[in-house]
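**Student:** Pasting a structure here, questions to come.
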Amino acid sequence: LMAFCLLKVPIHWEERNVTAIKGPGGKWMIPPEAKESMDKSKIGLKGPLKTPIAAGHPSMNLLLRKTFDLYANVRPCVSIEGYKTPYTDVDLVTIRENTEGEYSGIEHVIVDGVVQSIKLITENASQRIAQFAFEYARNNQRSTVTAVHKANIMRMSDGLFLRKCRDVAENYKDIKFTEMYLDTVCLNMVQDPTSFDVLVMPNLYGDILSDLCAGLIGGLGVTPSGNIGANGVAIFESVHGTAPDIAGKDLANPTALLLSAVMMLRHMGLHDHAKKIEKACYDTIESETVRTKDLGGNAKCSEFTNEICRRVQDQD
Amino acid sequence: MVARTPAVTVAKLIRPLFQRSRLGRTAQVFGVAGSSWRGKAWDSDKIIPPPAKYGGRHTVTMIPGDGIGPDLLRHVQDVFRYSCVPVDFEVVHVNSAMMEEDDINNAITAIRRNGVALKGNIETSHTMPPSHKSRNNLLRTSLDLYANVIHCQSLPGVQTRHRDIDILIIRENTEGEYSSLEHESVPGVVESLKIITKSNSLRIADYAFRLAREKGRKRVTAVHKANIMKLGDGLFLQCCKEVASGYPDIIFDSMIVDNTTMQLVSKPQQFDVMVMPNLYGNVVSNVCAGLVGGPGLVPGANLGRDYAVFETATRNTGKSIANKNTANPTAMLLASCMMLDHLQLHDYAALIRSAILRTMNETRMHTADIGGQGTTSEVVQSIMRLMQGASLRSAAAF
């Protein structure tokens, strides 16, 4: 927030609480004030929300996505100079279908001891996400889109997804389209991540692969993420956990949230501001002088942010 | 898995007469009797080594499969012949392009007969209609090969980004997402069912802990996604916890699958034994295989109560490198060593395995996938030359 104020970025911040409440009719939903605010502004920035296992209400993150129909989760993974991981020169984007697939939440106990989980793939959703992926690739000057699937085992569901991707690819002849099995992608990703560009996939594979890619560049503390919906609605978030053990102690690494905010600025068209903040952030990490604990340094969160603000000011 | 004393040799000769009886269910009945004889519970799934020994030689079913499979299996046969391993292969071809299931049924019958198989991967083209099931999957489910065991170990001669990896992956092999139950309820909406059952989850967890104890492993990690799939993976996790309580000497913890993949690429040394349902197993085993050097290095075993099928861990057909003499024979050869261990031919297994590992350490003898320039035949020749040095002509002690 501080960095933004310093730069006089033209954004008006509205903070909203998103704890789950039970609305009329017994369905879990987010508080109506939050919904109204989002409907007005169409863009949001979110910190981590805790999803307890077996809590009785659906995951808050899922709820947010459903409410605003944020169907695409975009996670660009770029190797950060100055933060060394065994993998260098990673530059890929994972685009994951965000609404259906294995996360439809439809489960039944058929007989005692047998549980059935339903994975839903629809033509519309697959069409939408494929369209989004190619649009994104075109807008960001990306050369290849790879569809990740497991159609040899899940012939009908992933087959449908694949067919839709192929159909959309027809309209985007300037972008190369390939398809690859999930296991092959995993195998090649850990051996040579530079061979991948944009990856598009259904929900579960997307979850696993996007986290895998985040691990390649240094973990969730440095990975931005955006959830895009129809009509330009978008929520950008840092995808790491709530880290209750370091909450309130000024120790957290704000890079992920900051980079997500940069993504948000780009989405809104404020490219200059985005570039300035991003450069300041990368430079700070590269300089190795002021770093938070998870990046191997000793600085507090506020010190890190101050350093970034300083650099932003220097750039002006 | 059970250590045999010389006194058991006699029993070994007599048991085949009961187990390999041609009277249908009799084999099953005596199979159970065999396990209870060793003092275990009725649902023990100690794999009974197939005593298909006639004249002191074992018969093993071989399914060449597609792509690089036939080539690699031929090399295995060459190596076995060279070292006088008392194993005969019954080759069964499966044509993956055929719609009818006769071929695969023949293969399954052959495996039931022999008890052990070594196979290449059978291609499943996803352009075929949904009624055409994956042949590999059919094999695994018909023979109830419920455990897929993969051992990923860093090899000293292979350059990788991470060192000192030693992970044992145990993957549920028959249910989960691979049930092939799909339907189009409404045009444009497809549903795919993922089934998790308590009995299968208990079985695989039990297998994992027993294997961990046997190999002297300290920790078992269950990989799941129970925060999203509360009932399905929740059941799996619960079963693992239940089984873990019976093994107080082994530490049990669990990890969500996306965190697992992230940890694997940053700090793989923290993992010891991992147990998981089918799809996550696919992802994790491929990631681990990639970490230790690629699909050409890691063997895998599909184990059931009565049968065992050995193949490469990542199950690739390798169509793009078929017939080019560049495939890495290590995975298939190590799989054949696992098979020899299963048949209790430990001396031969040790001989071949040490020859393979010594070849690995001479960098010149690497195939292209691990950064060398050797061809498949050169690597195999080198292995055979190294075996010649060691003496094992006296192993015919039957």
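Please note that chains go A, B, ... in the order of the structure tokens, that every chain numbers its residues from 1, and that ligands are numbered from 1 in the order shown.
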As a PyMOL selection string, please: the residues near B:Asn173 (cut-off 7 Å, only C-alpha atoms, same-chain neighbours under 5 positions excluded).

**Tutor:** chain B and resi 145-148+278

**Student:** Using all heavy atoms, can you write the selected residues to a file as a PDB file, in the first residue's frame?

**Tutor:**
ATOM      1  N   LEU B 145      -3.312 -55.341  -9.498  1.00  0.00           N
ATOM      2  CA  LEU B 145      -1.954 -54.956  -9.095  1.00  0.00           C
ATOM      3  C   LEU B 145      -2.077 -53.634  -8.371  1.00  0.00           C
ATOM      4  O   LEU B 145      -1.903 -52.569  -8.951  1.00  0.00           O
ATOM      5  CB  LEU B 145      -1.078 -54.785 -10.344  1.00  0.00           C
ATOM      6  CG  LEU B 145      -0.989 -56.004 -11.238  1.00  0.00           C
ATOM      7  CD1 LEU B 145      -0.333 -55.646 -12.554  1.00  0.00           C
ATOM      8  CD2 LEU B 145      -0.206 -57.098 -10.547  1.00  0.00           C
ATOM      9  N   TYR B 146      -2.394 -53.707  -7.101  1.00  0.00           N
ATOM     10  CA  TYR B 146      -2.829 -52.486  -6.437  1.00  0.00           C
ATOM     11  C   TYR B 146      -1.720 -51.538  -6.025  1.00  0.00           C
ATOM     12  O   TYR B 146      -1.976 -50.399  -5.690  1.00  0.00           O
ATOM     13  CB  TYR B 146      -3.687 -52.833  -5.224  1.00  0.00           C
ATOM     14  CG  TYR B 146      -2.962 -53.577  -4.145  1.00  0.00           C
ATOM     15  CD1 TYR B 146      -2.277 -52.911  -3.145  1.00  0.00           C
ATOM     16  CD2 TYR B 146      -2.957 -54.966  -4.126  1.00  0.00           C
ATOM     17  CE1 TYR B 146      -1.603 -53.588  -2.160  1.00  0.00           C
ATOM     18  CE2 TYR B 146      -2.291 -55.654  -3.139  1.00  0.00           C
ATOM     19  CZ  TYR B 146      -1.617 -54.957  -2.156  1.00  0.00           C
ATOM     20  OH  TYR B 146      -0.954 -55.652  -1.188  1.00  0.00           O
ATOM     21  N   ALA B 147      -0.474 -52.020  -6.008  1.00  0.00           N
ATOM     22  CA  ALA B 147       0.601 -51.129  -5.565  1.00  0.00           C
ATOM     23  C   ALA B 147       1.614 -50.885  -6.663  1.00  0.00           C
ATOM     24  O   ALA B 147       2.162 -51.820  -7.242  1.00  0.00           O
ATOM     25  CB  ALA B 147       1.302 -51.720  -4.345  1.00  0.00           C
ATOM     26  N   ASN B 148       1.868 -49.631  -6.950  1.00  0.00           N
ATOM     27  CA  ASN B 148       2.921 -49.269  -7.894  1.00  0.00           C
ATOM     28  C   ASN B 148       4.071 -48.718  -7.062  1.00  0.00           C
ATOM     29  O   ASN B 148       3.914 -47.724  -6.360  1.00  0.00           O
ATOM     30  CB  ASN B 148       2.385 -48.212  -8.861  1.00  0.00           C
ATOM     31  CG  ASN B 148       3.376 -47.881  -9.943  1.00  0.00           C
ATOM     32  OD1 ASN B 148       4.499 -48.367  -9.941  1.00  0.00           O
ATOM     33  ND2 ASN B 148       2.962 -47.066 -10.882  1.00  0.00           N
ATOM     34  N   ASN B 278      -4.016 -42.542  -7.044  1.00  0.00           N
ATOM     35  CA  ASN B 278      -3.510 -42.781  -8.381  1.00  0.00           C
ATOM     36  C   ASN B 278      -2.998 -41.568  -9.153  1.00  0.00           C
ATOM     37  O   ASN B 278      -1.872 -41.553  -9.628  1.00  0.00           O
ATOM     38  CB  ASN B 278      -4.632 -43.457  -9.198  1.00  0.00           C
ATOM     39  CG  ASN B 278      -4.074 -44.487 -10.145  1.00  0.00           C
ATOM     40  OD1 ASN B 278      -2.953 -44.363 -10.616  1.00  0.00           O
ATOM     41  ND2 ASN B 278      -4.849 -45.512 -10.420  1.00  0.00           N
TER      42      ASN B 278
END

**Student:** At a cut-off of 7 Å, which residues of chain A touch chain B? Count only C-alpha atoms and give the answer as a PyMOL selection string.

**Tutor:** chain A and resi 53-54+86+103+105+107+113-123+151-157+183+186-188+190-191+207-208+211-212+214-216+219

**Student:** Within stretch 64-238 of chain B, find each residue whose DSSP state, derived from the backbone, is helix (DSSP H, G or I), and express the selection as a PyMOL selection string.

**Tutor:** chain B and resi 69-82+102-114+135-142+177-179+198-214+232-238

**Student:** Report as a count of residues only all protein, DNA and RNA residues lying within 12 Å of B:Lys218, evaluated on only C-alpha atoms, omitting residues in the same chain fewer than 4 positions from it.

**Tutor:** 21

**Student:** Which polymer residues have any atom within 8 Å of an atom of stretch 176-179 of chain A, counting only C-alpha atoms, with same-chain residues fewer than 2 positions away left out, as a list in words?

**Tutor:** Ser143, Thr144, Val145, Thr146, Ala147, Val148, His149, Leu162, Arg166, Ala169, Lys173, Asp174 and Tyr181 of chain A

**Student:** For N, CA, C and O atoms, I'd like the residues from the last selection saved as a tab-separated table (two decimals), in the first residue's frame.

**Tutor:**
chain	number	residue	atom	x	y	z
A	143	SER	N	4.81	-17.10	-27.74
A	143	SER	CA	4.82	-17.81	-29.01
A	143	SER	C	4.07	-19.15	-29.01
A	143	SER	O	3.56	-19.57	-30.02
A	144	THR	N	4.03	-19.83	-27.88
A	144	THR	CA	3.46	-21.18	-27.87
A	144	THR	C	2.44	-21.35	-26.76
A	144	THR	O	2.63	-20.83	-25.66
A	145	VAL	N	1.38	-22.05	-27.05
A	145	VAL	CA	0.42	-22.44	-26.01
A	145	VAL	C	0.39	-23.96	-25.97
A	145	VAL	O	0.21	-24.60	-27.00
A	146	THR	N	0.57	-24.52	-24.79
A	146	THR	CA	0.55	-25.98	-24.66
A	146	THR	C	-0.64	-26.39	-23.80
A	146	THR	O	-0.81	-25.89	-22.70
A	147	ALA	N	-1.45	-27.30	-24.31
A	147	ALA	CA	-2.57	-27.81	-23.52
A	147	ALA	C	-2.09	-29.05	-22.77
A	147	ALA	O	-1.50	-29.95	-23.35
A	148	VAL	N	-2.34	-29.06	-21.48
A	148	VAL	CA	-1.91	-30.19	-20.64
A	148	VAL	C	-3.13	-31.02	-20.28
A	148	VAL	O	-4.12	-30.50	-19.82
A	149	HIS	N	-3.02	-32.32	-20.47
A	149	HIS	CA	-4.22	-33.14	-20.30
A	149	HIS	C	-3.86	-34.56	-19.94
A	149	HIS	O	-2.68	-34.92	-19.89
A	162	LEU	N	-9.53	-30.92	-24.72
A	162	LEU	CA	-8.54	-30.86	-25.79
A	162	LEU	C	-9.16	-30.41	-27.11
A	162	LEU	O	-8.60	-29.59	-27.83
A	166	ARG	N	-8.24	-27.19	-29.38
A	166	ARG	CA	-7.86	-27.28	-30.80
A	166	ARG	C	-8.71	-26.35	-31.63
A	166	ARG	O	-8.23	-25.67	-32.53
A	169	ALA	N	-7.60	-22.89	-31.23
A	169	ALA	CA	-6.29	-22.69	-31.85
A	169	ALA	C	-6.41	-22.36	-33.33
A	169	ALA	O	-5.56	-21.67	-33.89
A	173	LYS	N	-3.84	-18.55	-35.63
A	173	LYS	CA	-2.79	-19.26	-36.37
A	173	LYS	C	-1.41	-18.72	-36.09
A	173	LYS	O	-0.41	-19.37	-36.38
A	174	ASP	N	-1.32	-17.50	-35.54
A	174	ASP	CA	0.01	-16.94	-35.31
A	174	ASP	C	0.68	-17.53	-34.07
A	174	ASP	O	1.86	-17.31	-33.83
A	181	TYR	N	0.90	-34.70	-22.51
A	181	TYR	CA	0.35	-35.37	-21.35
A	181	TYR	C	0.91	-34.77	-20.07
A	181	TYR	O	2.06	-34.32	-20.03

**Student:** What's the separation between atom CA of B:His224 and atom CA of B:Gln153, in Å to one decimal place?

**Tutor:**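 Atom-to-atom, atom CA of B:His224 and atom CA of B:Gln153 are spaced 22.8 Å apart.
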
**Student:** Would you pick out the contacts of stretch 125-135 of chain A at 8 Å or less, using only C-alpha atoms, so that residues sharing its chain but fewer than 5 positions from it are not included, and give the list as a PyMOL selection string?

**Tutor:** chain A and resi 71-72+95-97+99-100+145+160-161+164-165+168-169+172+175+198+200+202

**Student:** Have a look at atom CA of B:Val94 and atom CA of B:Asn325 and let me know their distance in Å, one decimal.

**Tutor:** 22.2 Å
